[in-house]
Amino acid sequence: MANNKKQAVNPYLPSWEYVPDGEPYVFGDRVYVYGSHDMSNGYVFCIGDYVCWSAPVDDLGSWRYEGVIYEKTADPLNKDGSMCLYAPDVTVGPDGRYYLYYVLDHVSVVSVAVSDTPAGKYEFYGYVHYADGVRLGEKPGDEPQFDPGVLTEGNVTYLYTGFCGRGDKSRTGAMMTVLDSDMLTILEEPEIVAPGCEYECGTGFEGHAYFEAASIRKCRDKYYFIYSSTPMHELCYATSGSPRGPFIYGGVLVSNCDLHIDTYKPADQPMAYGANNHGSMVEINGEWYIFYHRQTNGSWYSRQGCAEKLTVLSDGSIPQVEITSCGLNGGPLVGKGEYPAYIACHLFYQKPGMYVGDPYAPRIVQDGRDGDELPGYVANMTDSATAGFKYFAYKDIGKITLWVRGYTGGQFEIRTTWDGEVLATIPVRNANIWEAFSAPIAIPDGVGSLYITYRGGGNASLRSFVLE
């Protein structure tokens with residue numbers, strides 16, 4: 001690419017890294033992403049210490065590992081490490097330091113850590129509390145705290161929290177609490193700013209009530225409250241002229257199964273196996289992006305960060321964006337060369353599903369153990385399994401090669417739309433190691449997608465494809 005910049009793909013971090021719940025910020029000339037930390041083939045959510053990654057604002061394909069920024073045993077409530085670090089957020093306090101807010105998985109109080117630099121290392125600082133010292137979440141009448149999102153303006157910080165599951169009327173909605181300049185002491189007690197599903201009737205949030213994943217951003221003259229709604233797979237937004245609200249429901253920003261999108265398929269057809277979602281907006285070089293996460297390993301517990309470019313309209317509304325393989329790239333990927341299969345944004349078979357967990361569905365996995373820097377690939381490709389990639393700028397493509405392994409007895413079909421004409425057929429055979437199988441193909445010049453479907457017996461794995 002021009003200026004020797006690396007192309008940006010989804011997931012934007014290496015395929016062996018699992019950082020969901022991404023909260024992106026620009027500090028100086030770099031984008032920093034803070035999130036929880038899953039494991040490859042993880043058995044619970046958020047089992048790892050907090051890590052941080054960053055990239056230059058003008059090179060969003062080149063991410064740098066900043067290391068472990070906060071260990072879960074640093075919290076006095078978790079010295080034995082038995083609790084997990086759930087989704088965090090970061091804000092710059094009035095003193096110019098960086099404050100990390102989080103909740104441990106078995107308590108309902110908000111912990112805070114602090115650092116002099118964006119990437120830490122962070123040190124435990126204290127717990128959000130009332131003026132009398134009682135911790136938020138422990139006062140009679142308090143709702144449990146969860147998923148903090150923070151915004152600092154002047155000498156006060158606005159803290160947004162909450163979790164609202166179906167059937168639980170004790171959880172009212174997302175809460176906003178105002179903190180003093182010490183970043184811990186409550187100035188204004190919690191107020192509900194978005195309803196949970198048990199209280200959505202007549203609010204304008206019907207069908208998209210607050211579930212979890214509170215986040216807050218300011219864009220132009222509006223405050224955007226970003227959150228995961230009751231269906232879980234979507235990130236929604238609500239807007240207000242004040243960080244205190246009231247917030248008015250705006251719409252869906254992104255769905256990690258691409259539900260509601262009707263430009264290339266029926267609106268109610270999922271194109272990937274999704275589940276919970278969490279992320280937020282950020283402005284980079286004048287463009288807005290939504291960061292979110294996807295599920296891998298056929299599991300809820302191995303999530304990876306992705307991002308897509310947003311369009312903020314003149315009235316402040318934001319149309320829902322498609323999930324793609326090229327989110328931060330600024331445009332389609334170059335339509336030639338080798339691409340890893342783990343950048344598939346669409347995965348399905350003859351039984352599409354909205355939620356991850358179908359044992360017969362294709363899935364993105366990696367070899368080795370967590371932390372092994374081995375590339376991901378698409379596994380469990382049985383008859384009708386499809387991996388889809390968007391978008392490429394095709395020019396003069398005459399051949400396609402697939403790198404495949406596994407006990408197979410069929411062929412791969414290549415299309416440029418999920419339900420379109422077969423442009424090439426590639427027979428494959430049993431392969432104990434990754435082997436290349438090729439076929440001629442004529443892909444029309446221009447911007448388009450790529451869909452790779454397996455037909456036949458056996459079970460194949462797809463590592464990569466080469467366009468020539």
# chains A, B, ... in the order shown; residues from 1 in each chain; ligands from 1

call {"tool": "select_by_dssp", "arguments": {"residues": "range 206-455 of chain A", "states": "strand (DSSP E or B)", "output": "PyMOL selection string"}}
result
chain A and resi 210-219+222-229+234-240+248-255+274+280-284+287-295+303-309+333-334+337-340+346-348+355+363-366+376-381+386-394+397-415+424-427+431-443+446-455

call {"tool": "write_last_selection", "arguments": {"atoms": "C-alpha atoms", "output": "CSV table (one decimal), in the first residue's frame"}}
result
chain,number,residue,atom,x,y,z
A,210,TYR,CA,-30.3,-1.4,28.0
A,211,PHE,CA,-28.7,-4.7,28.9
A,212,GLU,CA,-25.0,-4.0,29.7
A,213,ALA,CA,-21.8,-2.4,28.3
A,214,ALA,CA,-22.3,1.3,29.2
A,215,SER,CA,-20.1,3.7,27.3
A,216,ILE,CA,-20.2,7.5,26.7
A,217,ARG,CA,-18.8,9.8,24.0
A,218,LYS,CA,-19.3,13.3,22.9
A,219,CYS,CA,-19.6,14.0,19.1
A,222,LYS,CA,-24.3,15.7,21.4
A,223,TYR,CA,-23.5,13.1,24.0
A,224,TYR,CA,-23.8,9.5,22.7
A,225,PHE,CA,-24.6,6.8,25.2
A,226,ILE,CA,-23.5,3.5,23.6
A,227,TYR,CA,-24.6,0.2,25.1
A,228,SER,CA,-25.5,-3.5,24.4
A,229,SER,CA,-29.2,-4.0,24.1
A,234,GLU,CA,-26.1,-5.3,18.8
A,235,LEU,CA,-24.6,-2.1,20.0
A,236,CYS,CA,-27.1,0.7,20.2
A,237,TYR,CA,-26.9,4.4,20.9
A,238,ALA,CA,-29.0,7.1,22.5
A,239,THR,CA,-28.3,10.8,22.4
A,240,SER,CA,-28.7,13.8,24.7
A,248,ILE,CA,-33.4,9.5,23.4
A,249,TYR,CA,-33.0,6.2,21.6
A,250,GLY,CA,-31.2,6.6,18.3
A,251,GLY,CA,-30.7,3.2,16.7
A,252,VAL,CA,-28.3,0.3,16.2
A,253,LEU,CA,-24.7,1.0,15.4
A,254,VAL,CA,-23.5,-2.5,14.7
A,255,SER,CA,-24.6,-6.1,15.1
A,274,GLY,CA,-22.8,-13.7,17.4
A,280,SER,CA,-17.6,2.3,21.7
A,281,MET,CA,-17.1,5.1,19.3
A,282,VAL,CA,-13.9,7.0,18.7
A,283,GLU,CA,-12.9,9.8,16.3
A,284,ILE,CA,-9.6,9.2,14.4
A,287,GLU,CA,-13.5,10.0,11.0
A,288,TRP,CA,-15.7,8.1,13.5
A,289,TYR,CA,-15.4,4.4,14.1
A,290,ILE,CA,-17.3,1.8,16.2
A,291,PHE,CA,-15.2,-0.8,18.0
A,292,TYR,CA,-17.1,-4.0,18.9
A,293,HIS,CA,-16.2,-7.7,19.3
A,294,ARG,CA,-16.9,-11.0,17.7
A,295,GLN,CA,-17.0,-14.6,19.0
A,303,ARG,CA,-13.9,-12.9,21.8
A,304,GLN,CA,-11.8,-10.6,19.5
A,305,GLY,CA,-12.0,-6.9,18.8
A,306,CYS,CA,-13.2,-5.6,15.4
A,307,ALA,CA,-14.0,-2.1,14.2
A,308,GLU,CA,-16.0,-0.4,11.4
A,309,LYS,CA,-16.2,3.1,10.0
A,333,LEU,CA,-8.4,-4.5,0.8
A,334,VAL,CA,-6.2,-4.9,-2.2
A,337,GLY,CA,-2.2,-11.6,-2.7
A,338,GLU,CA,-2.7,-14.0,0.3
A,339,TYR,CA,-5.2,-13.4,3.0
A,340,PRO,CA,-5.7,-15.4,6.2
A,346,HIS,CA,-19.4,-14.0,7.7
A,347,LEU,CA,-19.6,-17.6,8.9
A,348,PHE,CA,-22.6,-19.9,8.4
A,355,TYR,CA,-26.0,-17.0,18.5
A,363,ARG,CA,-15.7,-21.5,13.6
A,364,ILE,CA,-12.5,-19.5,13.9
A,365,VAL,CA,-9.9,-21.3,16.0
A,366,GLN,CA,-6.1,-21.5,16.5
A,376,GLY,CA,-6.1,-18.5,13.4
A,377,TYR,CA,-8.1,-20.4,10.7
A,378,VAL,CA,-11.6,-21.5,9.9
A,379,ALA,CA,-12.3,-25.0,11.2
A,380,ASN,CA,-15.3,-27.3,11.1
A,381,MET,CA,-16.1,-26.7,7.5
A,386,THR,CA,-19.3,-20.8,4.2
A,387,ALA,CA,-16.7,-18.2,5.0
A,388,GLY,CA,-17.4,-14.7,3.7
A,389,PHE,CA,-15.0,-11.8,3.3
A,390,LYS,CA,-15.7,-8.1,2.6
A,391,TYR,CA,-14.4,-6.1,0.8
A,392,PHE,CA,-11.7,-6.3,-2.0
A,393,ALA,CA,-10.8,-4.1,-4.9
A,394,TYR,CA,-10.5,-6.7,-7.6
A,397,ILE,CA,-7.9,-11.8,-11.1
A,398,GLY,CA,-7.5,-15.1,-13.0
A,399,LYS,CA,-6.6,-17.7,-10.3
A,400,ILE,CA,-7.5,-18.6,-6.7
A,401,THR,CA,-5.6,-20.9,-4.3
A,402,LEU,CA,-6.9,-22.3,-1.0
A,403,TRP,CA,-4.7,-23.6,1.8
A,404,VAL,CA,-6.6,-26.5,3.3
A,405,ARG,CA,-6.1,-29.4,5.6
A,406,GLY,CA,-8.3,-32.2,7.1
A,407,TYR,CA,-10.1,-35.3,6.1
A,408,THR,CA,-12.2,-34.2,3.2
A,409,GLY,CA,-13.9,-35.7,0.2
A,410,GLY,CA,-15.4,-32.8,-1.6
A,411,GLN,CA,-14.8,-29.4,-3.2
A,412,PHE,CA,-14.9,-25.7,-2.5
A,413,GLU,CA,-17.2,-23.3,-4.4
A,414,ILE,CA,-16.2,-19.7,-4.9
A,415,ARG,CA,-18.7,-16.8,-5.2
A,424,ALA,CA,-14.9,-21.5,-9.5
A,425,THR,CA,-14.9,-25.1,-8.1
A,426,ILE,CA,-11.8,-26.4,-6.3
A,427,PRO,CA,-11.7,-30.2,-5.5
A,431,ALA,CA,-4.4,-33.5,3.8
A,432,ASN,CA,-2.6,-34.1,7.1
A,433,ILE,CA,-0.8,-30.7,6.7
A,434,TRP,CA,-1.7,-27.5,5.0
A,435,GLU,CA,-1.8,-28.0,1.2
A,436,ALA,CA,-2.6,-25.7,-1.6
A,437,PHE,CA,-5.4,-26.4,-4.1
A,438,SER,CA,-6.0,-24.0,-7.0
A,439,ALA,CA,-8.4,-23.2,-9.8
A,440,PRO,CA,-8.8,-20.6,-12.5
A,441,ILE,CA,-11.4,-17.9,-11.8
A,442,ALA,CA,-12.6,-14.8,-13.5
A,443,ILE,CA,-13.7,-12.2,-10.9
A,446,GLY,CA,-14.3,-3.6,-9.0
A,447,VAL,CA,-15.1,-3.7,-5.3
A,448,GLY,CA,-16.7,-6.9,-4.2
A,449,SER,CA,-16.9,-9.7,-1.6
A,450,LEU,CA,-15.6,-13.3,-1.6
A,451,TYR,CA,-17.5,-16.4,-0.3
A,452,ILE,CA,-15.9,-19.8,0.0
A,453,THR,CA,-18.3,-22.7,0.5
A,454,TYR,CA,-17.4,-26.4,1.2
A,455,ARG,CA,-19.5,-29.1,-0.4

call {"tool": "closest_atom_pairs", "arguments": {"of": "range 207-245 of chain A", "to": "range 176-179 of chain A", "cutoff": "10 Å", "atoms": "only C-alpha atoms", "output": "CSV"}}
result
residue,atom,partner,partner_atom,distance
A:Ala214,CA,A:Met176,CA,9.8
A:Pro243,CA,A:Met176,CA,8.6
A:Arg244,CA,A:Met176,CA,7.0
A:Gly245,CA,A:Met176,CA,8.9

call {"tool": "atom_distance", "arguments": {"atom1": "CA of Phe45 in chain A", "atom2": "CA of Val321 in chain A"}}
result
26.3 Å

call {"tool": "residues_around", "arguments": {"residues": "range 115-129 of chain A", "least_positions_apart": "6", "cutoff": "8 Å", "atoms": "only C-alpha atoms", "output": "mmCIF file with C-alpha atoms, in the first residue's frame"}}
result
data_model
loop_
_atom_site.group_PDB
_atom_site.id
_atom_site.type_symbol
_atom_site.label_atom_id
_atom_site.label_comp_id
_atom_site.auth_asym_id
_atom_site.auth_seq_id
_atom_site.Cartn_x
_atom_site.Cartn_y
_atom_site.Cartn_z
ATOM 1 C CA PHE A 27 -4.125 10.101 23.301
ATOM 2 C CA TYR A 32 -5.256 3.057 22.574
ATOM 3 C CA CYS A 52 -3.298 -2.649 26.164
ATOM 4 C CA GLU A 66 1.862 -2.302 25.365
ATOM 5 C CA VAL A 68 0.054 -6.043 30.916
ATOM 6 C CA ILE A 69 -1.195 -2.730 32.302
ATOM 7 C CA TYR A 70 -3.022 -4.048 35.379
ATOM 8 C CA ALA A 74 -3.723 -5.757 42.301
ATOM 9 C CA ASP A 75 -7.211 -5.142 43.687
ATOM 10 C CA GLY A 96 -3.974 14.882 33.879
ATOM 11 C CA ARG A 97 -3.572 11.324 35.100
ATOM 12 C CA TYR A 98 -5.290 8.299 33.559
ATOM 13 C CA TYR A 99 -7.967 6.558 35.614
ATOM 14 C CA LEU A 100 -9.053 2.971 34.956
ATOM 15 C CA VAL A 109 -18.588 -2.106 43.594
ATOM 16 C CA ARG A 135 -19.051 2.122 48.553
ATOM 17 C CA LEU A 136 -21.365 2.592 45.580
ATOM 18 C CA MET A 183 -12.405 10.528 40.882
ATOM 19 C CA LEU A 184 -13.905 8.497 43.751
ATOM 20 C CA THR A 185 -16.337 10.546 45.843
ATOM 21 C CA ILE A 186 -19.972 10.765 44.738
#

call {"tool": "residues_around", "arguments": {"residues": "Ser108 in chain A", "least_positions_apart": "3", "cutoff": "7 Å", "atoms": "only C-alpha atoms", "output": "list in words"}}
result
Val103, Gly137, Pro144, Gln145 and Phe146 of chain A

call {"tool": "residues_around", "arguments": {"residues": "range 78-86 of chain A", "least_positions_apart": "6", "cutoff": "6 Å", "atoms": "only C-alpha atoms", "output": "JSON list (two decimals) with C-alpha atoms, in the first residue's frame"}}
result
[["chain", "number", "residue", "atom", "x", "y", "z"],
["A", 36, "SER", "CA", -11.13, -7.16, 29.13],
["A", 46, "CYS", "CA", -12.34, -12.17, 31.06],
["A", 47, "ILE", "CA", -9.92, -14.60, 32.69],
["A", 103, "VAL", "CA", -15.82, -4.13, 38.30],
["A", 104, "LEU", "CA", -14.72, -7.59, 39.47],
["A", 105, "ASP", "CA", -17.06, -10.43, 38.57]]

call {"tool": "closest_residue", "arguments": {"among": "A:Gln269, A:Asn285, A:Asn10, A:Asn256", "to": "Trp418 in chain A", "atoms": "only C-alpha atoms"}}
result
A:Gln269

call {"tool": "residues_around", "arguments": {"residues": "Trp53 in chain A", "least_positions_apart": "6", "cutoff": "10 Å", "atoms": "only C-alpha atoms", "output": "list in words"}}
result
Leu13, Val19, Pro24, Arg30, Val31, Tyr32, Val33, Tyr34, Gly35, Trp63, Arg64, Tyr65, Glu66, Gly67, Val68, Ile69 and Ala119 of chain A

call {"tool": "closest_residue", "arguments": {"among": "A:Ser15, A:Gly298, A:Arg429, A:Glu322", "to": "Gly357 in chain A", "atoms": "only C-alpha atoms"}}
result
A:Gly298

call {"tool": "closest_residue", "arguments": {"among": "A:Tyr301, A:Glu198, A:Met354, A:Pro319", "to": "Ser40 in chain A", "atoms": "only C-alpha atoms"}}
result
A:Tyr301

call {"tool": "atom_distance", "arguments": {"atom1": "CA of Ser325 in chain A", "atom2": "CA of Asn277 in chain A"}}
result
17.4 Å

call {"tool": "decode", "arguments": {"residues": "range 336-384 of chain A", "atoms": "N, CA and C atoms", "output": "PDB file, in the first residue's frame"}}
result
ATOM      1  N   LYS A 336      -5.569  -8.602  -4.491  1.00  0.00           N
ATOM      2  CA  LYS A 336      -4.571  -9.600  -4.881  1.00  0.00           C
ATOM      3  C   LYS A 336      -3.725  -9.953  -3.669  1.00  0.00           C
ATOM      4  N   GLY A 337      -3.111 -11.145  -3.723  1.00  0.00           N
ATOM      5  CA  GLY A 337      -2.233 -11.565  -2.652  1.00  0.00           C
ATOM      6  C   GLY A 337      -2.895 -12.582  -1.751  1.00  0.00           C
ATOM      7  N   GLU A 338      -2.201 -12.936  -0.667  1.00  0.00           N
ATOM      8  CA  GLU A 338      -2.685 -13.951   0.263  1.00  0.00           C
ATOM      9  C   GLU A 338      -3.330 -13.311   1.482  1.00  0.00           C
ATOM     10  N   TYR A 339      -4.469 -13.846   1.875  1.00  0.00           N
ATOM     11  CA  TYR A 339      -5.196 -13.358   3.044  1.00  0.00           C
ATOM     12  C   TYR A 339      -5.518 -14.514   3.976  1.00  0.00           C
ATOM     13  N   PRO A 340      -5.392 -14.306   5.295  1.00  0.00           N
ATOM     14  CA  PRO A 340      -5.729 -15.373   6.246  1.00  0.00           C
ATOM     15  C   PRO A 340      -7.242 -15.550   6.337  1.00  0.00           C
ATOM     16  N   ALA A 341      -7.663 -16.774   6.524  1.00  0.00           N
ATOM     17  CA  ALA A 341      -9.096 -17.058   6.599  1.00  0.00           C
ATOM     18  C   ALA A 341      -9.725 -16.517   7.874  1.00  0.00           C
ATOM     19  N   TYR A 342      -8.928 -16.241   8.917  1.00  0.00           N
ATOM     20  CA  TYR A 342      -9.519 -15.766  10.167  1.00  0.00           C
ATOM     21  C   TYR A 342     -10.130 -14.372  10.041  1.00  0.00           C
ATOM     22  N   ILE A 343      -9.894 -13.662   8.930  1.00  0.00           N
ATOM     23  CA  ILE A 343     -10.527 -12.358   8.752  1.00  0.00           C
ATOM     24  C   ILE A 343     -11.942 -12.488   8.184  1.00  0.00           C
ATOM     25  N   ALA A 344     -12.468 -13.708   8.118  1.00  0.00           N
ATOM     26  CA  ALA A 344     -13.849 -13.902   7.668  1.00  0.00           C
ATOM     27  C   ALA A 344     -14.802 -13.114   8.570  1.00  0.00           C
ATOM     28  N   CYS A 345     -15.622 -12.287   7.960  1.00  0.00           N
ATOM     29  CA  CYS A 345     -16.629 -11.558   8.740  1.00  0.00           C
ATOM     30  C   CYS A 345     -17.964 -12.291   8.745  1.00  0.00           C
ATOM     31  N   HIS A 346     -18.142 -13.217   7.797  1.00  0.00           N
ATOM     32  CA  HIS A 346     -19.360 -14.024   7.740  1.00  0.00           C
ATOM     33  C   HIS A 346     -19.002 -15.499   7.888  1.00  0.00           C
ATOM     34  N   LEU A 347     -19.735 -16.197   8.738  1.00  0.00           N
ATOM     35  CA  LEU A 347     -19.577 -17.646   8.915  1.00  0.00           C
ATOM     36  C   LEU A 347     -20.963 -18.242   9.116  1.00  0.00           C
ATOM     37  N   PHE A 348     -21.297 -19.221   8.291  1.00  0.00           N
ATOM     38  CA  PHE A 348     -22.601 -19.869   8.437  1.00  0.00           C
ATOM     39  C   PHE A 348     -22.592 -21.179   7.667  1.00  0.00           C
ATOM     40  N   TYR A 349     -23.596 -22.000   7.896  1.00  0.00           N
ATOM     41  CA  TYR A 349     -23.821 -23.170   7.060  1.00  0.00           C
ATOM     42  C   TYR A 349     -25.306 -23.233   6.771  1.00  0.00           C
ATOM     43  N   GLN A 350     -25.817 -24.378   6.326  1.00  0.00           N
ATOM     44  CA  GLN A 350     -27.203 -24.423   5.877  1.00  0.00           C
ATOM     45  C   GLN A 350     -28.201 -24.081   6.981  1.00  0.00           C
ATOM     46  N   LYS A 351     -27.734 -24.075   8.221  1.00  0.00           N
ATOM     47  CA  LYS A 351     -28.572 -23.678   9.345  1.00  0.00           C
ATOM     48  C   LYS A 351     -27.970 -22.417   9.973  1.00  0.00           C
ATOM     49  N   PRO A 352     -28.251 -21.242   9.400  1.00  0.00           N
ATOM     50  CA  PRO A 352     -27.695 -20.007   9.983  1.00  0.00           C
ATOM     51  C   PRO A 352     -28.250 -19.778  11.375  1.00  0.00           C
ATOM     52  N   GLY A 353     -27.479 -19.131  12.214  1.00  0.00           N
ATOM     53  CA  GLY A 353     -27.907 -18.874  13.580  1.00  0.00           C
ATOM     54  C   GLY A 353     -27.460 -17.508  14.048  1.00  0.00           C
ATOM     55  N   MET A 354     -28.212 -16.944  14.986  1.00  0.00           N
ATOM     56  CA  MET A 354     -27.907 -15.622  15.513  1.00  0.00           C
ATOM     57  C   MET A 354     -26.886 -15.690  16.640  1.00  0.00           C
ATOM     58  N   TYR A 355     -26.818 -16.855  17.323  1.00  0.00           N
ATOM     59  CA  TYR A 355     -25.951 -16.971  18.491  1.00  0.00           C
ATOM     60  C   TYR A 355     -24.977 -18.141  18.344  1.00  0.00           C
ATOM     61  N   VAL A 356     -23.787 -17.928  18.866  1.00  0.00           N
ATOM     62  CA  VAL A 356     -22.742 -18.922  18.822  1.00  0.00           C
ATOM     63  C   VAL A 356     -23.129 -20.126  19.671  1.00  0.00           C
ATOM     64  N   GLY A 357     -22.572 -21.311  19.347  1.00  0.00           N
ATOM     65  CA  GLY A 357     -22.800 -22.493  20.153  1.00  0.00           C
ATOM     66  C   GLY A 357     -23.240 -23.716  19.384  1.00  0.00           C
ATOM     67  N   ASP A 358     -23.615 -23.568  18.115  1.00  0.00           N
ATOM     68  CA  ASP A 358     -24.002 -24.715  17.297  1.00  0.00           C
ATOM     69  C   ASP A 358     -22.758 -25.567  17.039  1.00  0.00           C
ATOM     70  N   PRO A 359     -22.725 -26.830  17.483  1.00  0.00           N
ATOM     71  CA  PRO A 359     -21.513 -27.650  17.315  1.00  0.00           C
ATOM     72  C   PRO A 359     -21.214 -27.997  15.869  1.00  0.00           C
ATOM     73  N   TYR A 360     -22.175 -27.822  14.975  1.00  0.00           N
ATOM     74  CA  TYR A 360     -21.959 -28.161  13.571  1.00  0.00           C
ATOM     75  C   TYR A 360     -21.569 -26.948  12.728  1.00  0.00           C
ATOM     76  N   ALA A 361     -21.508 -25.777  13.330  1.00  0.00           N
ATOM     77  CA  ALA A 361     -21.221 -24.551  12.579  1.00  0.00           C
ATOM     78  C   ALA A 361     -19.715 -24.365  12.380  1.00  0.00           C
ATOM     79  N   PRO A 362     -19.314 -23.705  11.282  1.00  0.00           N
ATOM     80  CA  PRO A 362     -17.898 -23.352  11.122  1.00  0.00           C
ATOM     81  C   PRO A 362     -17.489 -22.358  12.190  1.00  0.00           C
ATOM     82  N   ARG A 363     -16.197 -22.379  12.541  1.00  0.00           N
ATOM     83  CA  ARG A 363     -15.729 -21.485  13.600  1.00  0.00           C
ATOM     84  C   ARG A 363     -14.270 -21.127  13.376  1.00  0.00           C
ATOM     85  N   ILE A 364     -13.876 -19.996  13.938  1.00  0.00           N
ATOM     86  CA  ILE A 364     -12.485 -19.548  13.883  1.00  0.00           C
ATOM     87  C   ILE A 364     -11.769 -20.060  15.123  1.00  0.00           C
ATOM     88  N   VAL A 365     -10.638 -20.727  14.924  1.00  0.00           N
ATOM     89  CA  VAL A 365      -9.872 -21.307  16.018  1.00  0.00           C
ATOM     90  C   VAL A 365      -8.385 -21.035  15.785  1.00  0.00           C
ATOM     91  N   GLN A 366      -7.548 -21.479  16.723  1.00  0.00           N
ATOM     92  CA  GLN A 366      -6.105 -21.469  16.522  1.00  0.00           C
ATOM     93  C   GLN A 366      -5.531 -22.717  17.159  1.00  0.00           C
ATOM     94  N   ASP A 367      -4.373 -23.154  16.661  1.00  0.00           N
ATOM     95  CA  ASP A 367      -3.668 -24.268  17.264  1.00  0.00           C
ATOM     96  C   ASP A 367      -2.925 -23.791  18.517  1.00  0.00           C
ATOM     97  N   GLY A 368      -2.402 -24.740  19.279  1.00  0.00           N
ATOM     98  CA  GLY A 368      -1.606 -24.408  20.444  1.00  0.00           C
ATOM     99  C   GLY A 368      -2.441 -23.996  21.640  1.00  0.00           C
ATOM    100  N   ARG A 369      -1.775 -23.363  22.586  1.00  0.00           N
ATOM    101  CA  ARG A 369      -2.422 -22.892  23.801  1.00  0.00           C
ATOM    102  C   ARG A 369      -2.552 -21.375  23.766  1.00  0.00           C
ATOM    103  N   ASP A 370      -3.304 -20.825  24.693  1.00  0.00           N
ATOM    104  CA  ASP A 370      -3.437 -19.385  24.758  1.00  0.00           C
ATOM    105  C   ASP A 370      -2.065 -18.736  24.900  1.00  0.00           C
ATOM    106  N   GLY A 371      -1.833 -17.707  24.127  1.00  0.00           N
ATOM    107  CA  GLY A 371      -0.550 -17.018  24.133  1.00  0.00           C
ATOM    108  C   GLY A 371       0.397 -17.477  23.057  1.00  0.00           C
ATOM    109  N   ASP A 372       0.163 -18.676  22.501  1.00  0.00           N
ATOM    110  CA  ASP A 372       1.002 -19.124  21.384  1.00  0.00           C
ATOM    111  C   ASP A 372       0.688 -18.262  20.156  1.00  0.00           C
ATOM    112  N   GLU A 373       1.704 -17.687  19.572  1.00  0.00           N
ATOM    113  CA  GLU A 373       1.509 -16.758  18.455  1.00  0.00           C
ATOM    114  C   GLU A 373       1.375 -17.526  17.142  1.00  0.00           C
ATOM    115  N   LEU A 374       0.281 -18.260  17.050  1.00  0.00           N
ATOM    116  CA  LEU A 374      -0.013 -19.075  15.876  1.00  0.00           C
ATOM    117  C   LEU A 374      -1.242 -18.518  15.179  1.00  0.00           C
ATOM    118  N   PRO A 375      -1.255 -18.485  13.849  1.00  0.00           N
ATOM    119  CA  PRO A 375      -2.364 -17.844  13.132  1.00  0.00           C
ATOM    120  C   PRO A 375      -3.664 -18.612  13.273  1.00  0.00           C
ATOM    121  N   GLY A 376      -4.754 -17.872  13.336  1.00  0.00           N
ATOM    122  CA  GLY A 376      -6.066 -18.488  13.370  1.00  0.00           C
ATOM    123  C   GLY A 376      -6.467 -19.010  12.003  1.00  0.00           C
ATOM    124  N   TYR A 377      -7.524 -19.823  11.983  1.00  0.00           N
ATOM    125  CA  TYR A 377      -8.052 -20.351  10.723  1.00  0.00           C
ATOM    126  C   TYR A 377      -9.505 -20.745  10.930  1.00  0.00           C
ATOM    127  N   VAL A 378     -10.199 -21.044   9.834  1.00  0.00           N
ATOM    128  CA  VAL A 378     -11.591 -21.469   9.909  1.00  0.00           C
ATOM    129  C   VAL A 378     -11.634 -22.986   9.943  1.00  0.00           C
ATOM    130  N   ALA A 379     -12.221 -23.548  10.992  1.00  0.00           N
ATOM    131  CA  ALA A 379     -12.333 -24.995  11.158  1.00  0.00           C
ATOM    132  C   ALA A 379     -13.794 -25.416  11.078  1.00  0.00           C
ATOM    133  N   ASN A 380     -13.994 -26.737  11.091  1.00  0.00           N
ATOM    134  CA  ASN A 380     -15.340 -27.322  11.105  1.00  0.00           C
ATOM    135  C   ASN A 380     -16.128 -26.949   9.848  1.00  0.00           C
ATOM    136  N   MET A 381     -15.424 -26.956   8.722  1.00  0.00           N
ATOM    137  CA  MET A 381     -16.103 -26.685   7.458  1.00  0.00           C
ATOM    138  C   MET A 381     -16.633 -28.009   6.908  1.00  0.00           C
ATOM    139  N   THR A 382     -17.879 -28.280   7.259  1.00  0.00           N
ATOM    140  CA  THR A 382     -18.580 -29.446   6.735  1.00  0.00           C
ATOM    141  C   THR A 382     -19.485 -28.989   5.593  1.00  0.00           C
ATOM    142  N   ASP A 383     -20.259 -29.907   5.048  1.00  0.00           N
ATOM    143  CA  ASP A 383     -21.062 -29.595   3.871  1.00  0.00           C
ATOM    144  C   ASP A 383     -21.916 -28.343   4.074  1.00  0.00           C
ATOM    145  N   SER A 384     -21.789 -27.393   3.168  1.00  0.00           N
ATOM    146  CA  SER A 384     -22.485 -26.105   3.098  1.00  0.00           C
ATOM    147  C   SER A 384     -21.836 -25.000   3.923  1.00  0.00           C
TER     148      SER A 384
END
